[in-house]
>>> print(open('target.txt').read())   # compact mmCIF, C-alpha atoms
# COMPACT_ATOMS: atom_id res chain seq x y z
CA MET A 27 15.25 -28.42 4.63
CA ALA A 28 18.45 -30.00 3.52
CA GLU A 29 20.81 -30.94 6.33
CA GLY A 30 23.56 -28.44 6.98
CA LYS A 31 22.01 -25.61 5.02
CA VAL A 32 20.61 -22.25 6.01
CA SER A 33 17.43 -21.13 4.34
CA PHE A 34 18.12 -17.63 3.24
CA GLU A 35 15.49 -15.07 2.34
CA LEU A 36 15.97 -11.59 1.06
CA VAL A 37 12.95 -9.30 0.92
CA SER A 38 12.56 -5.68 -0.07
CA PRO A 39 9.37 -3.70 0.59
CA ASP A 40 7.90 -4.43 -2.79
CA ARG A 41 8.85 -8.04 -3.32
CA LEU A 42 10.54 -11.23 -2.22
CA LEU A 43 13.86 -11.13 -4.01
CA LEU A 44 15.49 -14.34 -3.11
CA SER A 45 14.55 -17.45 -1.24
CA THR A 46 17.12 -20.16 -1.33
CA GLU A 47 19.17 -22.68 0.59
CA ALA A 48 22.75 -21.72 1.17
CA ASP A 49 25.77 -23.17 2.89
CA MET A 50 26.80 -19.85 4.30
CA VAL A 51 25.65 -16.26 4.07
CA VAL A 52 27.86 -13.30 4.83
CA VAL A 53 25.89 -10.25 5.82
CA PRO A 54 27.19 -6.69 6.28
CA GLY A 55 26.06 -5.95 9.84
CA ALA A 56 26.07 -2.45 11.29
CA GLU A 57 28.95 -3.41 13.55
CA GLY A 58 30.86 -5.57 11.14
CA ASP A 59 30.21 -8.33 8.67
CA PHE A 60 29.01 -11.62 10.03
CA GLY A 61 28.74 -15.02 8.50
CA VAL A 62 25.73 -17.20 9.09
CA LEU A 63 26.19 -20.95 9.16
CA PRO A 64 23.53 -23.51 10.05
CA GLY A 65 22.90 -23.55 13.79
CA HIS A 66 23.75 -19.92 14.34
CA ALA A 67 22.51 -18.46 17.64
CA PRO A 68 19.32 -16.37 17.37
CA PHE A 69 20.40 -12.92 16.48
CA ILE A 70 18.97 -9.67 15.18
CA SER A 71 21.12 -6.98 13.66
CA SER A 72 20.74 -3.85 11.64
CA LEU A 73 22.71 -3.59 8.44
CA ARG A 74 24.90 -1.06 6.78
CA SER A 75 25.00 -0.63 3.03
CA GLY A 76 27.10 -3.37 1.57
CA VAL A 77 27.18 -6.68 -0.19
CA ILE A 78 25.61 -9.94 0.88
CA ASP A 79 27.52 -13.01 -0.23
CA VAL A 80 25.53 -16.19 -0.55
CA TYR A 81 27.83 -19.20 -0.49
CA ASP A 82 27.01 -22.33 -2.38
CA GLY A 83 29.52 -24.87 -1.16
CA VAL A 84 32.79 -23.01 -0.75
CA LYS A 85 32.34 -20.56 -3.56
CA VAL A 86 30.18 -17.48 -3.71
CA GLY A 87 26.91 -18.27 -5.44
CA SER A 88 25.41 -14.83 -5.71
CA ARG A 89 26.28 -11.38 -4.50
CA ILE A 90 23.62 -8.83 -3.75
CA PHE A 91 23.98 -5.23 -2.77
CA VAL A 92 21.70 -4.05 0.03
CA ALA A 93 21.15 -0.53 1.27
CA ASP A 94 20.37 -0.53 4.97
CA GLY A 95 17.95 -2.93 6.55
CA PHE A 96 17.74 -5.64 9.15
CA ALA A 97 18.71 -9.24 9.45
CA GLU A 98 17.11 -11.87 11.61
CA VAL A 99 19.04 -15.05 12.21
CA THR A 100 17.80 -18.24 13.81
CA PRO A 101 19.47 -21.67 13.80
CA GLU A 102 17.54 -22.66 10.67
CA ARG A 103 17.18 -19.49 8.70
CA CYS A 104 18.50 -16.08 7.87
CA THR A 105 16.08 -13.38 6.83
CA VAL A 106 17.20 -10.05 5.49
CA LEU A 107 14.79 -7.13 5.25
CA ALA A 108 16.45 -4.67 2.93
CA GLY A 109 15.43 -1.12 2.17
CA GLU A 110 16.83 -1.61 -1.29
CA ALA A 111 18.44 -4.63 -2.88
CA VAL A 112 20.05 -5.19 -6.27
CA PRO A 113 22.08 -8.12 -7.56
CA LEU A 114 25.63 -6.95 -8.02
CA ASP A 115 25.96 -8.04 -11.63
CA GLY A 116 22.84 -6.08 -12.59
CA ILE A 117 24.33 -2.75 -11.61
CA ASP A 118 25.30 -0.21 -14.19
CA ARG A 119 28.42 1.71 -13.27
CA ALA A 120 27.35 4.90 -15.01
CA ALA A 121 23.99 4.91 -13.24
CA VAL A 122 25.72 4.69 -9.90
CA ASP A 123 28.03 7.57 -10.75
CA LYS A 124 25.04 9.64 -11.70
CA ARG A 125 23.28 8.70 -8.50
CA LEU A 126 26.23 9.80 -6.42
CA ALA A 127 26.43 13.08 -8.30
CA ASP A 128 22.70 13.68 -7.80
CA ALA A 129 22.93 12.93 -4.12
CA GLU A 130 25.85 15.28 -3.70
CA LEU A 131 23.96 17.98 -5.54
CA ASP A 132 20.99 17.47 -3.24
CA LEU A 133 23.30 17.62 -0.28
CA ARG A 134 24.57 21.01 -1.35
CA ASP A 135 21.09 22.36 -2.04
CA ALA A 136 19.51 20.93 1.11
CA SER A 137 17.72 23.69 2.96
CA ASP A 138 16.98 22.02 6.28
CA GLU A 139 18.27 19.35 8.57
CA ARG A 140 15.96 16.65 7.30
CA GLU A 141 16.75 17.15 3.64
CA ARG A 142 20.42 17.19 4.43
CA ALA A 143 20.18 13.93 6.35
CA LYS A 144 18.25 12.36 3.51
CA ALA A 145 20.76 13.46 0.89
CA GLN A 146 23.61 12.31 3.09
CA THR A 147 22.09 8.85 3.35
CA ALA A 148 21.60 8.72 -0.41
CA ALA A 149 25.20 9.76 -0.98
CA ASN A 150 26.45 7.16 1.46
CA VAL A 151 24.46 4.44 -0.25
CA ALA A 152 25.83 5.45 -3.64
CA ARG A 153 29.37 5.46 -2.28
CA ALA A 154 28.94 2.04 -0.75
CA LEU A 155 27.62 0.85 -4.09
CA LEU A 156 30.71 2.16 -5.86
CA GLU A 157 32.86 0.50 -3.25
CA ALA A 158 31.07 -2.78 -3.86
CA LEU A 159 31.66 -2.58 -7.60
CA ARG A 160 35.37 -2.10 -7.27
CA MET B 30 -46.26 8.96 -26.01
CA ALA B 31 -42.70 10.00 -26.68
CA ASN B 32 -41.97 10.67 -30.28
CA LEU B 33 -39.74 8.51 -32.40
CA LYS B 34 -36.87 10.89 -32.78
CA THR B 35 -36.29 11.48 -29.07
CA LEU B 36 -36.52 7.74 -28.47
CA ARG B 37 -33.91 7.08 -31.10
CA LEU B 38 -31.59 9.67 -29.61
CA ARG B 39 -32.07 8.27 -26.16
CA ILE B 40 -31.25 4.74 -27.25
CA ARG B 41 -28.16 5.99 -28.94
CA SER B 42 -26.98 7.85 -25.86
CA VAL B 43 -27.55 4.89 -23.57
CA ARG B 44 -25.65 2.72 -25.99
CA SER B 45 -22.63 4.99 -25.96
CA THR B 46 -22.74 5.13 -22.17
CA GLN B 47 -22.73 1.38 -22.18
CA LYS B 48 -19.66 1.36 -24.36
CA ILE B 49 -17.88 3.60 -21.90
CA THR B 50 -18.80 1.56 -18.85
CA ARG B 51 -17.79 -1.61 -20.61
CA ALA B 52 -14.41 -0.15 -21.48
CA MET B 53 -13.96 1.05 -17.91
CA LYS B 54 -14.71 -2.40 -16.66
CA MET B 55 -12.01 -3.86 -18.88
CA VAL B 56 -9.51 -1.27 -17.75
CA ALA B 57 -10.37 -1.88 -14.11
CA ALA B 58 -9.96 -5.61 -14.60
CA SER B 59 -6.46 -5.28 -15.95
CA LYS B 60 -5.48 -2.71 -13.34
CA LEU B 61 -6.92 -4.96 -10.69
CA ARG B 62 -4.65 -7.77 -11.69
CA ARG B 63 -1.62 -5.52 -11.44
CA ALA B 64 -2.71 -4.03 -8.12
CA GLN B 65 -3.33 -7.46 -6.71
CA GLU B 66 0.09 -8.64 -7.77
CA ARG B 67 1.70 -5.67 -6.10
CA ALA B 68 -0.26 -6.17 -2.92
CA GLU B 69 0.80 -9.79 -2.83
CA ALA B 70 4.43 -9.00 -3.59
CA ALA B 71 4.55 -6.63 -0.63
CA ARG B 72 3.19 -9.17 1.80
CA PRO B 73 6.36 -11.22 2.52
CA TYR B 74 8.22 -8.16 3.72
CA ALA B 75 5.39 -7.09 5.99
CA LEU B 76 5.08 -10.58 7.39
CA ARG B 77 8.73 -10.91 8.22
CA MET B 78 8.90 -7.43 9.59
CA GLU B 79 6.07 -8.32 11.89
CA ARG B 80 7.75 -11.50 13.04
CA MET B 81 10.93 -9.63 13.84
CA LEU B 82 9.10 -6.87 15.65
CA ARG B 83 7.17 -9.28 17.74
CA SER B 84 10.30 -10.94 19.03
CA LEU B 85 11.86 -7.55 19.63
CA ALA B 86 8.85 -6.00 21.28
CA GLY B 87 8.65 -8.87 23.70
CA SER B 88 12.12 -8.23 25.01
CA VAL B 89 11.89 -4.46 25.09
CA ALA B 90 8.41 -3.67 26.39
CA SER B 91 9.46 -4.39 29.95
CA VAL B 92 12.52 -2.17 29.80
CA ASP B 93 12.25 1.44 30.91
CA GLY B 94 12.71 4.09 28.30
CA ALA B 95 11.14 2.06 25.54
CA PRO B 96 10.59 4.20 22.45
CA LYS B 97 7.40 6.22 22.40
CA LEU B 98 6.24 4.52 19.25
CA ILE B 99 5.81 1.30 21.15
CA ALA B 100 4.99 2.49 24.65
CA GLY B 101 2.64 5.29 23.59
CA THR B 102 2.45 8.77 25.02
CA GLY B 103 0.70 7.53 28.08
CA GLN B 104 -2.42 9.39 27.07
CA ASP B 105 -5.49 8.56 25.09
CA ARG B 106 -6.90 11.95 24.28
CA THR B 107 -6.18 12.84 20.71
CA HIS B 108 -6.81 10.35 17.95
CA LEU B 109 -5.58 10.57 14.41
CA LEU B 110 -7.40 8.74 11.67
CA LEU B 111 -5.44 8.02 8.53
CA ILE B 112 -8.13 7.66 5.92
CA ILE B 113 -7.21 5.96 2.69
CA THR B 114 -9.51 6.51 -0.27
CA SER B 115 -9.08 6.81 -4.00
CA ASP B 116 -8.50 9.83 -6.18
CA ARG B 117 -11.18 8.94 -8.66
CA GLY B 118 -14.83 8.18 -8.41
CA LEU B 119 -17.05 5.81 -10.37
CA CYS B 120 -16.16 2.91 -8.18
CA GLY B 121 -19.46 2.19 -6.50
CA GLY B 122 -19.60 2.47 -2.75
CA PHE B 123 -15.84 2.27 -2.33
CA ASN B 124 -15.19 5.74 -0.98
CA THR B 125 -18.59 6.24 0.56
CA SER B 126 -18.29 3.18 2.76
CA ILE B 127 -14.90 4.29 4.06
CA VAL B 128 -16.16 7.76 4.78
CA ARG B 129 -19.30 6.45 6.43
CA ALA B 130 -17.26 4.19 8.72
CA ALA B 131 -14.87 7.03 9.50
CA ARG B 132 -17.76 9.38 10.31
CA ALA B 133 -19.28 6.86 12.67
CA ARG B 134 -15.92 6.42 14.39
CA ILE B 135 -15.41 10.17 14.65
CA ALA B 136 -18.84 10.66 16.21
CA GLU B 137 -18.21 7.83 18.63
CA MET B 138 -14.85 9.20 19.73
CA LYS B 139 -16.12 12.75 20.01
CA GLY B 140 -18.92 11.40 22.14
CA ALA B 141 -16.30 9.90 24.42
CA GLY B 142 -14.74 13.35 24.82
CA LYS B 143 -11.73 12.73 22.61
CA ILE B 144 -10.19 15.01 20.08
CA VAL B 145 -10.15 13.66 16.55
CA LYS B 146 -7.80 14.67 13.80
CA LEU B 147 -7.82 13.42 10.25
CA PHE B 148 -5.15 12.73 7.70
CA CYS B 149 -6.55 11.96 4.27
CA VAL B 150 -4.82 9.98 1.59
CA GLY B 151 -6.74 10.25 -1.66
CA ARG B 152 -8.83 13.07 -3.00
CA LYS B 153 -12.29 11.59 -2.68
CA GLY B 154 -12.12 11.05 1.04
CA ARG B 155 -10.89 14.55 1.63
CA ASP B 156 -13.63 16.04 -0.52
CA GLN B 157 -16.34 14.18 1.30
CA LEU B 158 -15.02 14.84 4.78
CA ARG B 159 -14.16 18.46 4.20
CA ARG B 160 -17.80 19.49 4.45
CA ASP B 161 -18.45 18.56 8.04
CA HIS B 162 -15.00 17.85 9.48
CA GLY B 163 -12.92 20.35 7.55
CA SER B 164 -11.23 21.78 10.62
CA ALA B 165 -10.11 18.35 11.80
CA ILE B 166 -8.11 17.59 8.67
CA ILE B 167 -4.47 18.22 9.41
CA GLY B 168 -2.97 16.84 6.26
CA THR B 169 -3.82 15.40 2.88
CA ILE B 170 -1.97 13.55 0.23
CA ASP B 171 -3.32 12.90 -3.21
CA GLY B 172 -1.97 11.63 -6.45
CA ILE B 173 -1.21 8.22 -4.99
CA ASP B 174 -2.79 6.60 -8.03
CA ARG B 175 0.09 7.65 -10.17
CA GLY B 176 3.12 5.58 -9.30
CA LEU B 177 3.05 4.83 -5.63
CA GLY B 178 6.47 3.78 -4.47
CA PHE B 179 7.58 2.64 -1.10
CA HIS B 180 9.30 5.99 -0.60
CA LYS B 181 5.92 7.71 -0.72
CA ALA B 182 4.72 5.55 2.13
CA GLU B 183 7.95 6.33 3.93
CA ASP B 184 7.27 10.04 3.54
CA ILE B 185 3.80 9.67 4.97
CA GLY B 186 5.20 7.58 7.79
CA GLN B 187 7.85 10.19 8.49
CA ARG B 188 5.26 12.96 8.67
CA LEU B 189 3.20 10.93 11.08
CA VAL B 190 6.19 10.14 13.26
CA ASP B 191 7.10 13.84 13.39
CA MET B 192 3.61 14.78 14.43
CA PHE B 193 3.52 11.99 16.96
CA GLU B 194 6.81 13.03 18.50
CA GLY B 195 5.56 16.60 18.50
CA GLY B 196 2.69 15.45 20.67
CA GLU B 197 -0.01 16.25 18.15
CA PHE B 198 -1.83 13.00 18.75
CA ASP B 199 -1.69 9.97 21.01
CA VAL B 200 -3.14 7.20 18.92
CA CYS B 201 -3.14 6.71 15.17
CA THR B 202 -5.47 4.39 13.34
CA VAL B 203 -5.57 3.69 9.64
CA VAL B 204 -8.89 3.20 7.88
CA PHE B 205 -8.84 1.43 4.56
CA ASN B 206 -10.64 -1.08 2.37
CA ARG B 207 -9.11 -4.50 2.74
CA PHE B 208 -9.27 -6.51 -0.44
CA LYS B 209 -11.24 -9.64 0.26
CA SER B 210 -12.38 -10.48 -3.23
CA VAL B 211 -13.38 -8.68 -6.37
CA ILE B 212 -16.88 -8.16 -5.09
CA ALA B 213 -16.13 -7.76 -1.40
CA GLN B 214 -14.05 -5.07 0.21
CA VAL B 215 -13.97 -4.83 3.94
CA VAL B 216 -13.56 -1.54 5.75
CA THR B 217 -10.75 -2.13 8.21
CA PHE B 218 -9.49 -0.17 11.19
CA GLN B 219 -5.95 -0.90 12.21
CA GLN B 220 -4.00 0.80 14.93
CA LEU B 221 -0.62 2.05 13.77
CA MET B 222 0.72 4.02 16.67
CA PRO B 223 1.60 3.10 19.30
CA PHE B 224 2.60 -0.19 17.82
CA GLN B 225 0.43 -3.14 18.71
CA ALA B 226 1.53 -6.64 17.94
CA PRO B 227 -1.29 -8.39 16.14
CA PRO B 228 -2.71 -11.34 18.06
CA LYS B 229 -0.57 -14.41 17.67
CA ASP B 230 -1.99 -17.28 15.76
CA ALA B 231 -2.69 -20.43 17.70
CA ALA B 232 0.11 -22.47 16.19
CA GLU B 233 2.70 -20.01 17.32
CA ALA B 234 1.24 -19.52 20.77
CA SER B 235 1.42 -23.20 21.52
CA GLY B 236 4.70 -23.71 19.72
CA ALA B 237 8.20 -23.92 21.06
CA PRO B 238 9.27 -21.41 23.70
CA LYS B 239 10.40 -18.19 22.16
CA ALA B 240 14.03 -18.02 21.19
CA ILE B 241 16.13 -15.49 23.00
CA TYR B 242 17.75 -13.21 20.53
CA GLU B 243 20.97 -11.35 20.71
CA PHE B 244 21.01 -7.88 19.32
CA GLU B 245 23.56 -5.83 17.50
CA PRO B 246 23.52 -2.90 18.19
CA ASP B 247 21.25 -3.06 21.26
CA GLU B 248 17.47 -3.56 21.27
CA THR B 249 16.49 0.05 21.69
CA GLU B 250 18.61 1.21 18.81
CA ILE B 251 17.29 -1.42 16.46
CA LEU B 252 13.77 -0.64 17.54
CA ALA B 253 14.28 3.05 16.91
CA ASP B 254 15.14 2.12 13.32
CA LEU B 255 12.66 -0.61 12.91
CA LEU B 256 9.52 1.09 14.18
CA PRO B 257 9.34 3.93 11.66
CA ARG B 258 10.18 1.41 8.96
CA ASN B 259 7.40 -0.82 10.12
CA LEU B 260 5.01 2.10 10.10
CA ALA B 261 5.90 2.82 6.49
CA VAL B 262 5.45 -0.85 5.63
CA GLN B 263 2.00 -0.91 7.19
CA ILE B 264 0.97 2.26 5.41
CA TYR B 265 2.33 0.93 2.15
CA GLY B 266 0.45 -2.32 2.63
CA SER B 267 -2.79 -0.50 3.43
CA ILE B 268 -2.51 1.68 0.37
CA LEU B 269 -1.82 -1.28 -1.88
CA GLU B 270 -4.79 -3.16 -0.42
CA SER B 271 -6.91 -0.10 -0.91
CA GLN B 272 -5.84 0.25 -4.53
CA ALA B 273 -6.65 -3.34 -5.30
CA SER B 274 -10.02 -2.88 -3.61
CA GLU B 275 -10.67 0.25 -5.60
CA GLN B 276 -10.18 -1.52 -8.90
CA GLY B 277 -12.29 -4.42 -7.71
CA ALA B 278 -15.07 -2.08 -6.66
CA ARG B 279 -14.86 -0.20 -9.92
CA MET B 280 -14.99 -3.39 -11.91
CA THR B 281 -18.13 -4.54 -10.11
CA ALA B 282 -19.74 -1.12 -10.38
CA MET B 283 -19.01 -0.87 -14.08
CA ASP B 284 -20.23 -4.38 -14.68
CA ASN B 285 -23.53 -3.48 -13.06
CA ALA B 286 -23.71 -0.28 -15.03
CA THR B 287 -23.12 -2.13 -18.28
CA ARG B 288 -25.85 -4.61 -17.44
CA ASN B 289 -28.27 -1.85 -16.47
CA ALA B 290 -27.57 -0.05 -19.68
CA GLY B 291 -28.33 -3.27 -21.58
CA ASP B 292 -31.67 -3.63 -19.80
CA MET B 293 -32.49 -0.04 -20.48
CA ILE B 294 -31.69 -0.37 -24.16
CA GLY B 295 -33.99 -3.38 -24.33
CA ARG B 296 -36.86 -1.52 -22.72
CA LEU B 297 -36.37 1.57 -24.85
CA THR B 298 -36.17 -0.47 -28.04
CA MET B 299 -39.48 -2.11 -27.18
CA VAL B 300 -41.15 1.26 -26.61
CA TYR B 301 -39.58 2.50 -29.81
CA ASN B 302 -40.94 -0.39 -31.87
CA ARG B 303 -44.40 -0.11 -30.38
CA THR B 304 -44.47 3.58 -31.09
CA ARG B 305 -43.30 2.98 -34.62
CA GLN B 306 -46.06 0.46 -35.23
CA ALA B 307 -48.64 2.75 -33.71
CA VAL B 308 -47.55 5.50 -36.04
CA ILE B 309 -47.77 3.22 -39.08
CA THR B 310 -51.19 1.95 -38.05
CA ARG B 311 -52.42 5.45 -37.55
CA GLU B 312 -51.19 6.52 -40.95
CA ILE B 313 -52.91 3.58 -42.65
CA ILE B 314 -56.15 4.39 -40.86
CA GLU B 315 -55.86 7.96 -42.00
CA ILE B 316 -55.30 6.93 -45.62
CA VAL B 317 -58.10 4.38 -45.56
CA SER B 318 -60.61 6.71 -43.98
CA GLY B 319 -59.52 9.43 -46.39
CA ALA B 320 -60.14 7.10 -49.36
CA GLU B 321 -63.51 6.07 -47.99
CA ALA B 322 -64.63 9.64 -47.63
CA LEU B 323 -64.22 10.21 -51.34
>>> encode(input="target.txt", output="structure tokens")
Amino acid sequence: MAEGKVSFELVSPDRLLLSTEADMVVVPGAEGDFGVLPGHAPFISSLRSGVIDVYDGVKVGSRIFVADGFAEVTPERCTVLAGEAVPLDGIDRAAVDKRLADAELDLRDASDERERAKAQTAANVARALLEALR
Amino acid sequence: MANLKTLRLRIRSVRSTQKITRAMKMVAASKLRRAQERAEAARPYALRMERMLRSLAGSVASVDGAPKLIAGTGQDRTHLLLIITSDRGLCGGFNTSIVRAARARIAEMKGAGKIVKLFCVGRKGRDQLRRDHGSAIIGTIDGIDRGLGFHKAEDIGQRLVDMFEGGEFDVCTVVFNRFKSVIAQVVTFQQLMPFQAPPKDAAEASGAPKAIYEFEPDETEILADLLPRNLAVQIYGSILESQASEQGARMTAMDNATRNAGDMIGRLTMVYNRTRQAVITREIIEIVSGAEAL
């Protein structure tokens, strides 16, 4: 591993999305965003829906949207297990709008607690996605 | 001796069967490649999930009020078997070996005075088990062949968690075919609930002392999120393994069938030719003896 770098990995249930060396990674933690630099204290956090910024030098190398998940940080590496992950520049605005509309429709039609919770989560994810695109 | 016409028909029918089995083998081979890729792509997530859980479980197990999914219900009476089979047949001993192993396990557990419940994924397993354990089946899911997504595994996981929380069973074990190679699939039992950390590999056991993690939010909350997720991941992984195994088993089975059909065609053709010669010889004899009689 290169000196002064964090090895960053992003995995979703069906594949390994990204495995790279970065100078800093900013992750949307459940209780606030946190930045990971080399030598970070061991740390496990759950995530909220939001955008991960991978820094290459001082500028942002790539930005990826993640919908809930977990992050594990050790001094050498940062691993993010995401429920869903999409690179920000691959997102289609119209598709997101549709997704939000669908989720809201589901929310209205939900017949029991579970369905409602599910639709609510979907709506929240879509909203966070819109927020990220702005 | 069989007459020529029936022989000809029989050869023709075996030949068309051979065409079908050969085509099925090809299809299975290409599906196998895809299934294998998917199974491999899912592995990194499962691995990292496991690593994270292990470090979490270590720091939580000692605390009171650990989630049920990790501590168990404190009983060992009712067992749930999650049996993963395929929806389609013609894949050799694939489903039969799963069902046979499951039956043996059921008998063993019943002998030990435990209650056994079954949850079947895949049509074939359900059909085979329905006959003698119909009343034990508490849920089935089929149609996993068509587009299995992670969300499907999550649904299954959610149903299991609900039942577990509702006290319907104490221990859950998944039974599936692990993909070892194209010709070898291994029936595997793996305990899902309560969560059991797989044995550590030697390198890790002897390695550096475990890091002490900080948690945000606290351990129990993360665990409450992580455990159902992990369950879904394990189910997803098992199903993907099982699908790869299925295609492997089908490929081998169809390869054998094609070869058998080839042998059979050879044998039938030989009989056919002998019969044909016999008929010709007989006709000549008849003509000759007819001419001599004149």
>>> atom_distance(input="target.txt", atom1="atom CA of B:Glu245", atom2="atom CA of A:Glu98")
10.6 Å
>>> residues_near_point(input="target.txt", point="(-20.5, 4.9, -12.5)", cutoff="8 Å", atoms="all atoms listed in the file", output="list of chain:residue names")
B:Thr50, B:Gly118, B:Leu119, B:Cys120, B:Gly121, B:Ala282, B:Met283, B:Ala286
>>> interface_residues(input="target.txt", of="chain B", to="chain A", cutoff="9 Å", atoms="only C-alpha atoms", output="ChimeraX atom specification")
/B:67-75,77-78,81,85,178-179,240-248,251,254-255,258,262,265
>>> residues_around(input="target.txt", residues="B:Asp292", least_positions_apart="5", cutoff="12 Å", atoms="only C-alpha atoms", output="MDAnalysis selection string")
chainID B and resid 40 43:44 47 285:287 297:299
>>> write_last_selection(input="target.txt", atoms="C-alpha atoms", output="PDB file, in the coordinates of the input")
ATOM      1  CA  ILE B  40     -31.250   4.740 -27.250  1.00  0.00           C
ATOM      2  CA  VAL B  43     -27.550   4.890 -23.570  1.00  0.00           C
ATOM      3  CA  ARG B  44     -25.650   2.720 -25.990  1.00  0.00           C
ATOM      4  CA  GLN B  47     -22.730   1.380 -22.180  1.00  0.00           C
ATOM      5  CA  ASN B 285     -23.530  -3.480 -13.060  1.00  0.00           C
ATOM      6  CA  ALA B 286     -23.710  -0.280 -15.030  1.00  0.00           C
ATOM      7  CA  THR B 287     -23.120  -2.130 -18.280  1.00  0.00           C
ATOM      8  CA  LEU B 297     -36.370   1.570 -24.850  1.00  0.00           C
ATOM      9  CA  THR B 298     -36.170  -0.470 -28.040  1.00  0.00           C
ATOM     10  CA  MET B 299     -39.480  -2.110 -27.180  1.00  0.00           C
TER      11      MET B 299
END
>>> closest_residue(input="target.txt", among="A:Arg89, A:Ser75, A:Ser33, A:Gly65", to="A:Val52", atoms="only C-alpha atoms")
A:Arg89
>>> atom_distance(input="target.txt", atom1="atom CA of B:Met53", atom2="atom CA of B:Asp284")
8.9 Å
>>> atom_distance(input="target.txt", atom1="atom CA of B:Phe123", atom2="atom CA of B:Arg207")
10.8 Å
>>> closest_residue(input="target.txt", among="B:Asp199, B:Asp191, B:Glu79, B:Glu275", to="B:Arg117", atoms="all atoms listed in the file")
B:Glu275
>>> residues_around(input="target.txt", residues="B:Tyr301", least_positions_apart="3", cutoff="8 Å", atoms="only C-alpha atoms", output="ChimeraX atom specification")
/B:33,36-37,297-298,304-305
>>> residues_near_point(input="target.txt", point="(23.5, 0.9, 1.9)", cutoff="7 Å", atoms="all atoms listed in the file", output="list in words")
Arg74, Ser75, Gly76, Val92, Ala93, Asp94, Asn150, Val151 and Ala154 of chain A
>>> residues_around(input="target.txt", residues="A:Val80", least_positions_apart="2", cutoff="7 Å", atoms="only C-alpha atoms", output="ChimeraX atom specification")
/A:48,50-52,78,82,86-89
>>> closest_residue(input="target.txt", among="B:Ala52, B:Cys149, B:Ala213, B:Met293", to="B:Leu110", atoms="all atoms listed in the file")
B:Cys149
>>> axis_aligned_box(input="target.txt", around="stretch 76-94 of chain A", padding_each_side="6 Å", output="JSON")
{"center_x": 26.6, "center_y": -12.7, "center_z": -0.4, "size_x": 24.4, "size_y": 36.3, "size_z": 22.7}
>>> decode(input="target.txt", residues="stretch 74-114 of chain A", atoms="C-alpha atoms", output="short mmCIF file (atom, residue, chain, number, x, y, z; two decimals), in the first residue's frame")
data_model
loop_
_atom_site.label_atom_id
_atom_site.label_comp_id
_atom_site.auth_asym_id
_atom_site.auth_seq_id
_atom_site.Cartn_x
_atom_site.Cartn_y
_atom_site.Cartn_z
CA ARG A 74 -27.56 7.16 6.00
CA SER A 75 -28.39 7.67 2.35
CA GLY A 76 -25.97 10.13 0.90
CA VAL A 77 -22.88 10.67 -1.16
CA ILE A 78 -19.42 9.24 -0.61
CA ASP A 79 -16.62 11.50 -1.78
CA VAL A 80 -13.37 9.82 -2.65
CA TYR A 81 -10.52 12.33 -2.61
CA ASP A 82 -7.57 11.98 -4.89
CA GLY A 83 -5.09 14.52 -3.62
CA VAL A 84 -7.11 17.57 -2.63
CA LYS A 85 -9.80 17.26 -5.22
CA VAL A 86 -12.73 14.89 -5.33
CA GLY A 87 -11.92 11.91 -7.52
CA SER A 88 -15.26 10.18 -7.63
CA ARG A 89 -18.62 10.64 -5.99
CA ILE A 90 -20.88 7.71 -5.33
CA PHE A 91 -24.38 7.68 -3.96
CA VAL A 92 -25.10 5.00 -1.35
CA ALA A 93 -28.42 4.05 0.15
CA ASP A 94 -27.97 2.85 3.71
CA GLY A 95 -25.26 0.46 4.74
CA PHE A 96 -22.29 0.16 7.01
CA ALA A 97 -18.74 1.37 7.07
CA GLU A 98 -15.80 -0.25 8.75
CA VAL A 99 -12.70 1.83 9.27
CA THR A 100 -9.28 0.68 10.38
CA PRO A 101 -6.00 2.60 10.24
CA GLU A 102 -5.22 1.13 6.81
CA ARG A 103 -8.56 0.74 5.14
CA CYS A 104 -12.11 1.88 4.82
CA THR A 105 -14.75 -0.61 3.75
CA VAL A 106 -18.27 0.39 2.89
CA LEU A 107 -21.03 -2.19 2.65
CA ALA A 108 -23.83 -0.48 0.81
CA GLY A 109 -27.36 -1.68 0.28
CA GLU A 110 -27.33 0.14 -3.01
CA ALA A 111 -24.62 2.16 -4.68
CA VAL A 112 -24.54 4.19 -7.89
CA PRO A 113 -21.89 6.57 -9.20
CA LEU A 114 -23.34 10.06 -9.11
#
